[in-house]
Each structure stands twice: as structure tokens, then as C-alpha cells.
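S.K.: Sending over structure.tsv (TSV, C-alpha atoms and all ligand atoms).
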chain	number	residue	atom	x	y	z
A	1	MET	CA	16.05	59.07	-22.61
A	2	ASP	CA	13.93	58.81	-19.49
A	3	ALA	CA	14.14	56.08	-16.84
A	4	ALA	CA	11.08	54.20	-18.20
A	5	GLU	CA	12.85	53.79	-21.55
A	6	LEU	CA	16.31	53.12	-20.17
A	7	LEU	CA	15.36	50.52	-17.55
A	8	PRO	CA	14.38	47.80	-20.07
A	9	LEU	CA	17.61	48.43	-21.98
A	10	TYR	CA	19.58	48.06	-18.77
A	11	GLU	CA	17.71	44.83	-18.05
A	12	GLN	CA	18.56	43.40	-21.48
A	13	MET	CA	22.23	44.29	-20.98
A	14	ALA	CA	22.26	42.74	-17.52
A	15	LEU	CA	20.62	39.60	-18.93
A	16	ILE	CA	23.31	39.34	-21.61
A	17	ARG	CA	26.14	39.90	-19.10
A	18	ARG	CA	24.76	37.25	-16.76
A	19	THR	CA	24.19	34.80	-19.63
A	20	GLU	CA	27.76	35.30	-20.86
A	21	ARG	CA	29.07	34.60	-17.38
A	22	ALA	CA	26.99	31.42	-17.32
A	23	ALA	CA	28.32	30.47	-20.76
A	24	HIS	CA	31.87	30.99	-19.49
A	25	ASP	CA	31.28	28.82	-16.42
A	26	LEU	CA	29.62	26.07	-18.48
A	27	PHE	CA	32.53	26.17	-20.92
A	28	MET	CA	35.04	25.86	-18.09
A	29	SER	CA	33.07	22.87	-16.76
A	30	GLY	CA	33.44	21.18	-20.14
A	31	LEU	CA	29.72	21.38	-20.92
A	32	VAL	CA	29.93	23.60	-24.02
A	33	LYS	CA	30.51	21.71	-27.25
A	34	GLY	CA	33.06	23.43	-29.48
A	35	THR	CA	34.42	26.89	-28.87
A	36	THR	CA	32.71	30.05	-27.67
A	37	HIS	CA	33.41	33.78	-28.10
A	38	LEU	CA	31.89	35.84	-25.32
A	39	ALA	CA	30.52	39.34	-25.81
A	40	ALA	CA	30.59	40.54	-22.20
A	41	GLY	CA	31.55	44.23	-22.49
A	42	HIS	CA	29.84	44.63	-25.89
A	43	GLU	CA	26.26	44.59	-24.55
A	44	ALA	CA	25.41	48.25	-25.24
A	45	ILE	CA	26.03	47.83	-28.96
A	46	ALA	CA	23.54	44.99	-29.40
A	47	VAL	CA	20.94	46.46	-27.08
A	48	GLY	CA	21.24	50.08	-28.23
A	49	ALA	CA	21.10	49.08	-31.89
A	50	SER	CA	18.21	46.68	-31.40
A	51	ALA	CA	16.24	49.40	-29.60
A	52	ALA	CA	16.56	51.56	-32.71
A	53	LEU	CA	15.42	48.83	-35.13
A	54	ARG	CA	12.02	47.60	-36.22
A	55	PRO	CA	11.09	44.05	-35.20
A	56	ASP	CA	11.16	42.99	-38.86
A	57	ASP	CA	14.62	44.41	-39.63
A	58	TYR	CA	17.43	41.94	-40.36
A	59	VAL	CA	20.47	41.39	-38.16
A	60	PHE	CA	23.65	39.50	-39.09
A	61	ALA	CA	26.36	38.85	-36.51
A	62	THR	CA	29.73	37.16	-36.13
A	63	TYR	CA	30.71	34.11	-34.11
A	64	ARG	CA	30.77	36.64	-31.20
A	65	GLY	CA	27.02	36.97	-31.46
A	66	HIS	CA	25.30	35.79	-28.27
A	67	HIS	CA	24.47	39.41	-27.38
A	68	HIS	CA	22.75	40.01	-30.72
A	69	ALA	CA	20.64	36.86	-30.48
A	70	LEU	CA	19.57	37.81	-26.96
A	71	ALA	CA	18.95	41.47	-27.83
A	72	ARG	CA	16.70	40.39	-30.70
A	73	GLY	CA	14.63	38.17	-28.43
A	74	ALA	CA	16.24	34.74	-28.17
A	75	THR	CA	16.04	33.50	-24.58
A	76	PRO	CA	19.01	32.67	-22.35
A	77	GLU	CA	17.65	29.14	-22.06
A	78	GLU	CA	17.59	28.47	-25.80
A	79	CYS	CA	21.02	30.06	-26.28
A	80	LEU	CA	22.69	28.14	-23.45
A	81	ALA	CA	20.99	24.91	-24.55
A	82	GLU	CA	22.37	25.51	-28.05
A	83	LEU	CA	25.89	25.98	-26.68
A	84	MET	CA	25.48	22.68	-24.84
A	85	SER	CA	24.11	20.87	-27.93
A	86	ARG	CA	20.73	20.13	-26.41
A	87	ALA	CA	17.52	19.34	-28.28
A	88	THR	CA	15.95	22.54	-26.86
A	89	GLY	CA	18.71	24.75	-28.29
A	90	LEU	CA	17.98	27.72	-30.52
A	91	CYS	CA	19.02	25.72	-33.60
A	92	ARG	CA	18.24	22.35	-32.04
A	93	ALA	CA	21.97	21.74	-31.53
A	94	LYS	CA	22.89	22.24	-35.18
A	95	GLY	CA	24.50	25.66	-34.75
A	96	GLY	CA	26.40	25.90	-31.49
A	97	SER	CA	27.85	29.11	-30.06
A	98	MET	CA	29.10	30.45	-33.39
A	99	HIS	CA	25.89	30.08	-35.40
A	100	LEU	CA	23.02	31.37	-33.30
A	101	THR	CA	20.09	32.05	-35.62
A	102	LYS	CA	16.44	32.94	-35.00
A	103	ALA	CA	14.81	33.97	-38.25
A	104	SER	CA	11.42	34.63	-36.60
A	105	VAL	CA	12.91	37.70	-34.85
A	106	GLY	CA	15.08	38.80	-37.78
A	107	MET	CA	18.28	37.30	-36.34
A	108	LEU	CA	19.53	35.94	-39.63
A	109	GLY	CA	22.54	34.28	-38.19
A	110	SER	CA	26.00	34.38	-36.71
A	111	TYR	CA	28.86	33.61	-39.07
A	112	ALA	CA	32.28	32.15	-38.30
A	113	ILE	CA	34.08	33.30	-41.45
A	114	VAL	CA	35.35	36.81	-40.74
A	115	GLY	CA	33.59	39.31	-43.04
A	116	ALA	CA	31.41	36.70	-44.81
A	117	HIS	CA	28.10	38.08	-43.59
A	118	LEU	CA	28.61	41.65	-44.80
A	119	PRO	CA	27.72	40.81	-48.42
A	120	MET	CA	24.81	38.73	-47.08
A	121	ALA	CA	23.45	41.77	-45.26
A	122	VAL	CA	23.76	43.69	-48.53
A	123	GLY	CA	21.70	40.95	-50.18
A	124	ALA	CA	19.05	41.14	-47.47
A	125	ALA	CA	18.88	44.92	-47.92
A	126	TRP	CA	18.53	44.47	-51.68
A	127	SER	CA	15.69	42.01	-51.09
A	128	ALA	CA	13.93	44.53	-48.82
A	129	ARG	CA	14.36	47.21	-51.49
A	130	LEU	CA	12.91	44.95	-54.20
A	131	ARG	CA	9.95	44.06	-52.01
A	132	GLY	CA	9.42	47.70	-50.98
A	133	THR	CA	9.17	46.84	-47.28
A	134	GLU	CA	11.31	49.64	-45.82
A	135	GLN	CA	13.13	47.05	-43.74
A	136	ILE	CA	16.82	47.58	-43.16
A	137	ALA	CA	19.63	45.08	-42.68
A	138	VAL	CA	22.39	45.50	-40.11
A	139	ALA	CA	25.72	43.68	-40.13
A	140	PHE	CA	27.70	43.67	-36.89
A	141	PHE	CA	31.37	42.75	-37.18
A	142	GLY	CA	34.74	43.17	-35.48
A	143	ASP	CA	37.52	45.63	-36.30
A	144	GLY	CA	39.54	42.82	-37.90
A	145	ALA	CA	36.84	42.33	-40.53
A	146	THR	CA	37.60	45.79	-41.93
A	147	ASN	CA	40.86	44.41	-43.36
A	148	ILE	CA	38.99	41.64	-45.22
A	149	GLY	CA	38.06	42.09	-48.89
A	150	ALA	CA	34.39	41.30	-48.27
A	151	PHE	CA	34.07	44.44	-46.10
A	152	HIS	CA	35.17	46.63	-49.01
A	153	GLU	CA	33.08	44.77	-51.60
A	154	ALA	CA	30.00	45.02	-49.40
A	155	LEU	CA	30.43	48.75	-48.74
A	156	ASN	CA	31.03	49.48	-52.40
A	157	LEU	CA	27.98	47.58	-53.68
A	158	ALA	CA	25.75	48.96	-50.93
A	159	ALA	CA	26.82	52.49	-51.86
A	160	VAL	CA	26.45	51.97	-55.62
A	161	TRP	CA	22.92	50.59	-55.16
A	162	LYS	CA	22.12	52.96	-52.23
A	163	LEU	CA	20.86	50.05	-50.18
A	164	PRO	CA	19.23	50.19	-46.74
A	165	VAL	CA	22.04	48.51	-44.85
A	166	LEU	CA	24.08	49.54	-41.81
A	167	PHE	CA	27.59	48.32	-41.11
A	168	VAL	CA	28.25	48.38	-37.38
A	169	CYS	CA	31.84	47.71	-36.37
A	170	GLU	CA	32.39	46.56	-32.79
A	171	ASN	CA	35.91	47.91	-32.39
A	172	ASN	CA	37.30	46.18	-29.30
A	173	LEU	CA	40.88	47.14	-30.26
A	174	TYR	CA	41.98	43.54	-30.90
A	175	MET	CA	41.47	40.89	-33.50
A	176	GLU	CA	42.35	37.50	-32.00
A	177	TYR	CA	45.55	38.55	-30.24
A	178	THR	CA	46.81	41.36	-32.49
A	179	PRO	CA	45.93	45.00	-31.84
A	180	ILE	CA	44.05	46.34	-34.86
A	181	ALA	CA	46.14	49.55	-34.72
A	182	GLU	CA	49.32	47.59	-35.52
A	183	VAL	CA	48.02	46.35	-38.86
A	184	THR	CA	45.77	49.12	-40.11
A	185	ALA	CA	46.67	52.29	-42.01
A	186	VAL	CA	43.99	54.49	-40.44
A	187	ALA	CA	43.02	55.19	-36.83
A	188	ARG	CA	39.34	54.31	-37.16
A	189	PRO	CA	39.32	51.11	-39.21
A	190	ALA	CA	35.64	51.24	-40.18
A	191	ALA	CA	34.62	54.91	-39.98
A	192	ASP	CA	37.76	56.24	-41.72
A	193	ARG	CA	37.20	53.90	-44.69
A	194	ALA	CA	33.51	54.76	-45.17
A	195	SER	CA	34.26	58.00	-47.00
A	196	ALA	CA	36.16	56.04	-49.68
A	197	TYR	CA	32.75	54.67	-50.69
A	198	GLY	CA	30.83	57.92	-50.19
A	199	ILE	CA	29.13	56.49	-47.09
A	200	PRO	CA	28.76	58.47	-43.86
A	201	GLY	CA	31.03	57.03	-41.18
A	202	GLU	CA	30.41	57.80	-37.53
A	203	VAL	CA	32.24	56.87	-34.34
A	204	VAL	CA	30.34	56.31	-31.10
A	205	ASP	CA	31.08	55.26	-27.54
A	206	GLY	CA	29.94	51.65	-27.93
A	207	ASN	CA	29.64	51.23	-24.17
A	208	ASP	CA	26.93	53.87	-23.85
A	209	VAL	CA	23.60	52.32	-24.77
A	210	VAL	CA	21.89	55.71	-25.10
A	211	LEU	CA	24.46	57.04	-27.57
A	212	VAL	CA	24.44	53.79	-29.57
A	213	ARG	CA	20.67	53.88	-29.88
A	214	GLU	CA	20.77	57.50	-31.05
A	215	ALA	CA	23.49	56.86	-33.62
A	216	VAL	CA	21.81	53.74	-35.05
A	217	ALA	CA	18.42	55.47	-35.13
A	218	GLY	CA	19.89	58.33	-37.17
A	219	LEU	CA	21.54	56.04	-39.72
A	220	ALA	CA	18.47	53.77	-39.84
A	221	ASP	CA	16.19	56.73	-40.63
A	222	ARG	CA	18.44	57.73	-43.54
A	223	ALA	CA	18.59	54.19	-44.85
A	224	ARG	CA	14.80	53.72	-44.63
A	225	ALA	CA	14.28	57.02	-46.42
A	226	GLY	CA	16.28	55.70	-49.38
A	227	GLU	CA	19.43	57.72	-48.65
A	228	GLY	CA	21.68	54.67	-48.59
A	229	PRO	CA	23.97	52.78	-46.24
A	230	GLY	CA	25.76	53.95	-43.11
A	231	VAL	CA	28.86	52.90	-41.20
A	232	LEU	CA	29.01	53.10	-37.42
A	233	GLU	CA	32.18	52.32	-35.49
A	234	ALA	CA	31.32	51.54	-31.88
A	235	LEU	CA	34.31	51.64	-29.53
A	236	THR	CA	34.21	48.91	-26.91
A	237	TYR	CA	36.28	46.28	-25.10
A	238	ARG	CA	35.76	42.60	-24.45
A	239	HIS	CA	35.87	41.45	-20.84
A	240	PHE	CA	36.98	37.92	-21.61
A	241	GLY	CA	39.71	36.70	-23.95
A	242	HIS	CA	39.13	36.16	-27.65
A	243	SER	CA	37.65	32.67	-27.29
A	244	ARG	CA	37.72	29.45	-25.30
A	245	ALA	CA	39.83	29.96	-22.17
A	246	ASP	CA	42.12	32.69	-23.63
A	247	PRO	CA	43.28	34.69	-20.56
A	248	ALA	CA	44.05	37.72	-22.80
A	249	THR	CA	47.43	38.34	-21.17
A	250	TYR	CA	48.54	40.24	-24.29
A	251	ARG	CA	46.48	43.25	-23.17
A	252	PRO	CA	48.25	45.84	-20.95
A	253	ALA	CA	46.92	45.84	-17.37
A	254	GLU	CA	46.31	49.59	-17.31
A	255	GLU	CA	44.32	49.37	-20.56
A	256	VAL	CA	42.13	46.59	-19.14
A	257	GLU	CA	41.60	48.56	-15.94
A	258	ARG	CA	40.68	51.75	-17.83
A	259	TRP	CA	38.09	49.94	-19.95
A	260	LEU	CA	36.62	47.98	-17.06
A	261	LYS	CA	35.97	51.32	-15.38
A	262	HIS	CA	34.03	52.31	-18.49
A	263	ASP	CA	31.65	49.37	-18.28
A	264	PRO	CA	28.36	49.55	-20.23
A	265	LEU	CA	26.26	48.34	-17.30
A	266	ASP	CA	27.90	50.77	-14.87
A	267	LEU	CA	27.31	53.64	-17.31
A	268	ALA	CA	23.63	52.77	-17.70
A	269	ARG	CA	23.20	52.26	-13.96
A	270	ALA	CA	24.75	55.68	-13.28
A	271	ARG	CA	22.38	57.26	-15.79
A	272	LEU	CA	19.44	55.52	-14.11
A	273	GLU	CA	20.54	56.60	-10.64
A	274	ALA	CA	20.78	60.20	-11.87
A	275	LEU	CA	17.18	59.80	-13.06
A	276	GLY	CA	16.14	58.48	-9.63
A	277	ALA	CA	15.66	54.85	-10.72
A	278	ASP	CA	16.95	51.80	-8.90
A	279	THR	CA	18.12	48.55	-10.52
A	280	THR	CA	17.92	46.21	-7.53
A	281	ASP	CA	14.72	44.46	-8.65
A	282	VAL	CA	15.97	44.14	-12.22
A	283	ASP	CA	19.28	42.62	-11.09
A	284	ALA	CA	17.44	40.08	-8.93
A	285	ARG	CA	15.07	39.15	-11.77
A	286	VAL	CA	17.97	38.66	-14.19
A	287	GLU	CA	19.81	36.48	-11.69
A	288	LYS	CA	16.74	34.26	-11.30
A	289	THR	CA	16.05	34.03	-15.03
A	290	VAL	CA	19.59	33.00	-15.93
A	291	ALA	CA	19.92	30.55	-13.03
A	292	ALA	CA	16.70	28.88	-14.23
A	293	ALA	CA	17.98	28.90	-17.82
A	294	VAL	CA	21.21	27.17	-16.80
A	295	GLU	CA	19.28	24.55	-14.88
A	296	ALA	CA	16.86	23.92	-17.76
A	297	ALA	CA	19.64	23.73	-20.35
A	298	ARG	CA	21.68	21.33	-18.21
A	299	ASN	CA	18.66	19.05	-17.80
A	300	ALA	CA	17.52	19.22	-21.42
A	301	PRO	CA	17.80	16.06	-23.54
A	302	ALA	CA	20.36	15.50	-26.27
A	303	PRO	CA	19.03	15.94	-29.83
A	304	ASP	CA	17.41	13.03	-31.61
A	305	PRO	CA	19.95	11.57	-34.09
A	306	GLY	CA	17.00	10.95	-36.42
A	307	GLU	CA	16.76	14.75	-36.89
A	308	ALA	CA	20.36	15.14	-38.03
A	309	LEU	CA	19.35	15.90	-41.60
A	310	THR	CA	16.30	18.08	-40.96
A	311	ASP	CA	16.45	21.90	-41.28
A	312	VAL	CA	19.83	21.89	-42.97
A	313	TRP	CA	18.75	22.74	-46.49
A	314	ALA	CA	16.09	25.20	-47.69
A	315	ASP	CA	15.33	24.53	-51.30
A	316	GLY	CA	13.24	27.64	-51.75
A	317	GLY	CA	11.60	26.05	-54.77
A	318	ALA	CA	13.50	24.89	-57.82
A	319	ALA	CA	12.40	27.68	-60.16
A	320	TRP	CA	15.61	29.69	-59.76
A	321	ARG	CA	17.75	26.80	-61.01
A	322	THR	CA	18.55	26.53	-64.67
B	1	LIG	C1	38.32	34.68	-43.17
B	1	LIG	C2	38.79	34.28	-41.80
B	1	LIG	N1	40.09	34.43	-41.48
B	1	LIG	C3	40.52	34.09	-40.23
B	1	LIG	C4	39.65	33.56	-39.31
B	1	LIG	C5	40.15	33.19	-37.91
B	1	LIG	N2	39.66	34.21	-36.97
B	1	LIG	C6	38.57	33.98	-36.22
B	1	LIG	S1	38.18	35.30	-35.28
B	1	LIG	C7	39.47	36.20	-35.86
B	1	LIG	C8	39.72	37.60	-35.37
B	1	LIG	C9	38.70	38.58	-35.85
B	1	LIG	O1	38.81	39.78	-35.14
B	1	LIG	P1	37.70	40.91	-35.20
B	1	LIG	O2	37.13	40.98	-36.57
B	1	LIG	O3	38.31	42.15	-34.66
B	1	LIG	O4	36.53	40.40	-34.26
B	1	LIG	P2	36.52	40.07	-32.70
B	1	LIG	O5	36.86	38.59	-32.59
B	1	LIG	O6	37.48	40.97	-32.01
B	1	LIG	O7	35.11	40.30	-32.26
B	1	LIG	C10	40.19	35.47	-36.78
B	1	LIG	C11	41.40	35.96	-37.47
B	1	LIG	C12	38.30	33.37	-39.71
B	1	LIG	N3	37.40	32.86	-38.88
B	1	LIG	N4	37.90	33.76	-40.95
What would the structure in this file look like if it were written as C-alpha cells?
Ligand SMILES: Cc1ncc(C[n+]2csc(CCOP(=O)(O)OP(=O)(O)O)c2C)c(N)n1

M.R.:
Amino acid sequence: MDAAELLPLYEQMALIRRTERAAHDLFMSGLVKGTTHLAAGHEAIAVGASAALRPDDYVFATYRGHHHALARGATPEECLAELMSRATGLCRAKGGSMHLTKASVGMLGSYAIVGAHLPMAVGAAWSARLRGTEQIAVAFFGDGATNIGAFHEALNLAAVWKLPVLFVCENNLYMEYTPIAEVTAVARPAADRASAYGIPGEVVDGNDVVLVREAVAGLADRARAGEGPGVLEALTYRHFGHSRADPATYRPAEEVERWLKHDPLDLARARLEALGADTTDVDARVEKTVAAAVEAARNAPAPDPGEALTDVWADGGAAWRT
């Protein structure tokens, strides 16, 4: 990948990192309604994958989904306003941190029930198949979701119907506070299970945006060509605790230090420097954009109570009902 291609990916990752820091600070100031699960450290997965997708592909994420909303084109302002329950929020204050959704850019939602969105992504892929659009669906989920029944049901059905769906596991080594390795029979919780369903399972350095893009592009090409689903396990590490103000003291100091030295932004910056590109201007632009987004979100009005019942139910026509 040359510098002209990598620089915008770096910028997206820097924008996500800065937005997550802002979300953390707003949460600590008591301005975020409800909980929040930050994805700082996971940026390369969202950005690398998004760079390999078509604009009309479908993305499904977990409650730790700010990075996916931003990578697909939601703005920091609308995301932060949503976290703060403002009228200008991405879902006009009806979603909050755990339910960021922007259907116009294929971001079909963030889901708080672990594993619940994997079968939904299978459904979206089935819909694309029926309509003959060559779109694919991608479900992003944590390592803990691989021990949930819905993961296995989704992989099985996707394989049986050879659907254009990718299952991308963001393996950050921990569920809430429990290391995934302590409760899982195989070393690679997603990739090692893929073969049980006849699906290719790959492992990638989830902190390297270039490698993630390559891996997702390969699996996406297969899926679009009708060759069926793929599983990608992206190894990564979260910089913050699981949620809220969790200080993550259950993680060994040397492990934290090792992973912080393998930071996705540092890796991309080093690649750019080797290509003779400088990130100073990008960093300054990101800083300005997020500072303005924080200001706008803080000053945005509360939602109109009269809109409480709008946009909460899509009938889709009554023909499907018996
Ligand atoms: C079905 C279900 N069980 C339990 C929970 C509570 N819970 C929320 S997040 C979480 C940990 C999930 O870990 P993982 O899938 O590895 O994702 P990560 O949070 O690390 O991104 C749990 C158990 C839930 N939301 N849904």
C-alpha cells in the first residue's frame, strides 16, 4: 500500500482514537447517558475492513461499536451527541453508545446482546443473495461471542447456504474481566472453530490496518464470487477497561505494556514514515475536528419529547403478516 492510500486510513484511525478519548472524558464528566464501551486500540480492524468493503455492504457491530460507525462514515459530532442523548445524535438520542446505527452508510447497528447480531448478518447476506446485488454482510464481534450458541448457529447456516457473510472476531483476549483462554477449548476461539463448519478461518494482526484490509479483501472477494462465508480472527487489545470506568486492573502490567507498544496508530505511522510521509497535518486536523465535535455536541439541544415514539417501529408493510 502506498502513502496516498495509507494516509486516509491513518486519518480515520486517528479520528476514532481522538473521538474515543473525548467519549471517555465526557463519560468521566458525567455527560454520557448510560454506559459506554470504548474501542481505542481496535481502530485498525474497523478501518482496514471498511477500506476493503463496498459502500453498500452491510456492517453489524457490538455495543463496542463506535469505531465501526465512524469508519463507515458517521461523524464524531453525531456519535458524541448520541452518547450525550442530544437531538443531533446519530439516532436522535434513541440509541446511545451501545446502539449506534446509520443505515444510509450500511451501518446496520450495534447490538448489546452478545452474539445476537451474527444471525442478523446472515439474514442480511441472504437478502443480498435473493436480490442478486453482490453485497456482503460483515458481523464484528468479540472473542466472548464465540462461546455463545448464536455464533455457531450463524456459522452453520451461512455455510449450508453458502452466504456472502464475513464473521470478524475482534479478539482482545478478554471478555468482560475473564481471559478468553481460561474458558475456551481452542487457542483461536473464532478461527479454530471455522473448520468445524467448512469455513476458511484466518488469523490476522488486528492492529495492522494494511494486513486487516488485505485479509478482509480476500475473504470479501470469495464471498462476492459465491464461494461462501469467511471467518477472520483479528488479534488486538483494548486500551481502556471493558466499560464505564473499569480500570482493567485484572490485566498483567507487562501484557498491557507489550500491547501498548504494538499500537495500531504507531504501526501505521511507522509505515508512513518509511514511505516518506508525515502525519503532522493529519494529527492537527483530527484534533480540530474532534474538539469542534465535542463543543457542538455539548451545546446541542435535548431531544423533543414529542418525538419519543417516532422511528421506533418499521412496519415494512403488512403483507408479510398472516
Ligand atoms: C447474551 C449476553 N450475555 C451476557 C452479556 C453481558 N456482557 C456484556 S459484554 C460481555 C463480554 C463480551 O466479551 P467479548 O465478546 O469478548 O467482547 P468485548 O467486550 O471484549 O469486545 C458480557 C458477558 C450480554 N450483554 N449478552

S.K.: Compute the set of protein, DNA and RNA residues whose minimum atom distance to ligand LIG 1 (chain B) is at most 7 Å, using all atoms listed in the file, and state it as a VMD selection string.

M.R.: chain A and resid 64 112 to 115 141 to 145 170 to 172 174 to 176 242

S.K.: Keeping only C-alpha atoms, write those residues as a tab-separated table (two decimals), in the frame of the given file.

M.R.:
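Here's the written file part01.tsv:
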chain	number	residue	atom	x	y	z
A	64	ARG	CA	30.77	36.64	-31.20
A	112	ALA	CA	32.28	32.15	-38.30
A	113	ILE	CA	34.08	33.30	-41.45
A	114	VAL	CA	35.35	36.81	-40.74
A	115	GLY	CA	33.59	39.31	-43.04
A	141	PHE	CA	31.37	42.75	-37.18
A	142	GLY	CA	34.74	43.17	-35.48
A	143	ASP	CA	37.52	45.63	-36.30
A	144	GLY	CA	39.54	42.82	-37.90
A	145	ALA	CA	36.84	42.33	-40.53
A	170	GLU	CA	32.39	46.56	-32.79
A	171	ASN	CA	35.91	47.91	-32.39
A	172	ASN	CA	37.30	46.18	-29.30
A	174	TYR	CA	41.98	43.54	-30.90
A	175	MET	CA	41.47	40.89	-33.50
A	176	GLU	CA	42.35	37.50	-32.00
A	242	HIS	CA	39.13	36.16	-27.65

S.K.: Determine, using all atoms listed in the file, which residues of segment 37-81 of chain A have any atom at most 12 Å from an atom of segment 267-291 of chain A, and tabulate each with its shortest atom pair and distance in Å to one decimal place, rows ordered by chain and then rising number, as a Markdown table.

M.R.:
| residue | atom | partner | partner_atom | distance |
| --- | --- | --- | --- | --- |
| A:Gly41 | CA | A:Leu267 | CA | 11.5 |
| A:Glu43 | CA | A:Ala268 | CA | 11.0 |
| A:Ala44 | CA | A:Ala268 | CA | 9.0 |
| A:Val47 | CA | A:Ala268 | CA | 11.6 |
| A:Gly48 | CA | A:Ala268 | CA | 11.1 |
| A:Thr75 | CA | A:Val290 | CA | 9.4 |
| A:Pro76 | CA | A:Val290 | CA | 6.5 |
| A:Glu77 | CA | A:Val290 | CA | 7.5 |
| A:Glu78 | CA | A:Val290 | CA | 11.0 |
| A:Cys79 | CA | A:Val290 | CA | 10.9 |
| A:Leu80 | CA | A:Val290 | CA | 9.5 |
| A:Ala81 | CA | A:Val290 | CA | 11.9 |

S.K.: Excluding Glu233 of chain A and residues on its chain fewer than 4 positions from it, collect all residues at most 12 Å away from it, counting all atoms listed in the file, and give them as a PDB file with C-alpha atoms, in the frame of the given file.

M.R.:
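After the write, around.pdb holds the following:
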ATOM      1  CA  ILE A  45      26.030  47.830 -28.960  1.00  0.00           C
ATOM      2  CA  ALA A 139      25.720  43.680 -40.130  1.00  0.00           C
ATOM      3  CA  PHE A 140      27.700  43.670 -36.890  1.00  0.00           C
ATOM      4  CA  PHE A 141      31.370  42.750 -37.180  1.00  0.00           C
ATOM      5  CA  GLY A 142      34.740  43.170 -35.480  1.00  0.00           C
ATOM      6  CA  ASP A 143      37.520  45.630 -36.300  1.00  0.00           C
ATOM      7  CA  THR A 146      37.600  45.790 -41.930  1.00  0.00           C
ATOM      8  CA  LEU A 166      24.080  49.540 -41.810  1.00  0.00           C
ATOM      9  CA  PHE A 167      27.590  48.320 -41.110  1.00  0.00           C
ATOM     10  CA  VAL A 168      28.250  48.380 -37.380  1.00  0.00           C
ATOM     11  CA  CYS A 169      31.840  47.710 -36.370  1.00  0.00           C
ATOM     12  CA  GLU A 170      32.390  46.560 -32.790  1.00  0.00           C
ATOM     13  CA  ASN A 171      35.910  47.910 -32.390  1.00  0.00           C
ATOM     14  CA  ASN A 172      37.300  46.180 -29.300  1.00  0.00           C
ATOM     15  CA  LEU A 173      40.880  47.140 -30.260  1.00  0.00           C
ATOM     16  CA  ALA A 187      43.020  55.190 -36.830  1.00  0.00           C
ATOM     17  CA  ARG A 188      39.340  54.310 -37.160  1.00  0.00           C
ATOM     18  CA  PRO A 189      39.320  51.110 -39.210  1.00  0.00           C
ATOM     19  CA  ALA A 190      35.640  51.240 -40.180  1.00  0.00           C
ATOM     20  CA  ALA A 191      34.620  54.910 -39.980  1.00  0.00           C
ATOM     21  CA  ASP A 192      37.760  56.240 -41.720  1.00  0.00           C
ATOM     22  CA  ARG A 193      37.200  53.900 -44.690  1.00  0.00           C
ATOM     23  CA  ALA A 194      33.510  54.760 -45.170  1.00  0.00           C
ATOM     24  CA  PRO A 200      28.760  58.470 -43.860  1.00  0.00           C
ATOM     25  CA  GLY A 201      31.030  57.030 -41.180  1.00  0.00           C
ATOM     26  CA  GLU A 202      30.410  57.800 -37.530  1.00  0.00           C
ATOM     27  CA  VAL A 203      32.240  56.870 -34.340  1.00  0.00           C
ATOM     28  CA  VAL A 204      30.340  56.310 -31.100  1.00  0.00           C
ATOM     29  CA  ASP A 205      31.080  55.260 -27.540  1.00  0.00           C
ATOM     30  CA  GLY A 206      29.940  51.650 -27.930  1.00  0.00           C
ATOM     31  CA  ASN A 207      29.640  51.230 -24.170  1.00  0.00           C
ATOM     32  CA  VAL A 212      24.440  53.790 -29.570  1.00  0.00           C
ATOM     33  CA  ALA A 215      23.490  56.860 -33.620  1.00  0.00           C
ATOM     34  CA  VAL A 216      21.810  53.740 -35.050  1.00  0.00           C
TER      35      VAL A 216
END

S.K.: Measure the distance from atom CA of Pro8 of chain A to atom CA of Ala51 of chain A in Å and round it to one decimal.

M.R.: 9.8 Å

S.K.: Arg129 of chain A: which residues within 8 Å, counting only C-alpha atoms, same-chain residues fewer than 5 positions away excluded, as a PyMOL selection string?

M.R.: chain A and resi 134-135+163-164

S.K.: Please dump the current selection as a short mmCIF file (atom, residue, chain, number, x, y, z; two decimals), keeping the file's coordinate frame; keep C-alpha atoms.

M.R.:
data_model
loop_
_atom_site.label_atom_id
_atom_site.label_comp_id
_atom_site.auth_asym_id
_atom_site.auth_seq_id
_atom_site.Cartn_x
_atom_site.Cartn_y
_atom_site.Cartn_z
CA GLU A 134 11.31 49.64 -45.82
CA GLN A 135 13.13 47.05 -43.74
CA LEU A 163 20.86 50.05 -50.18
CA PRO A 164 19.23 50.19 -46.74
#
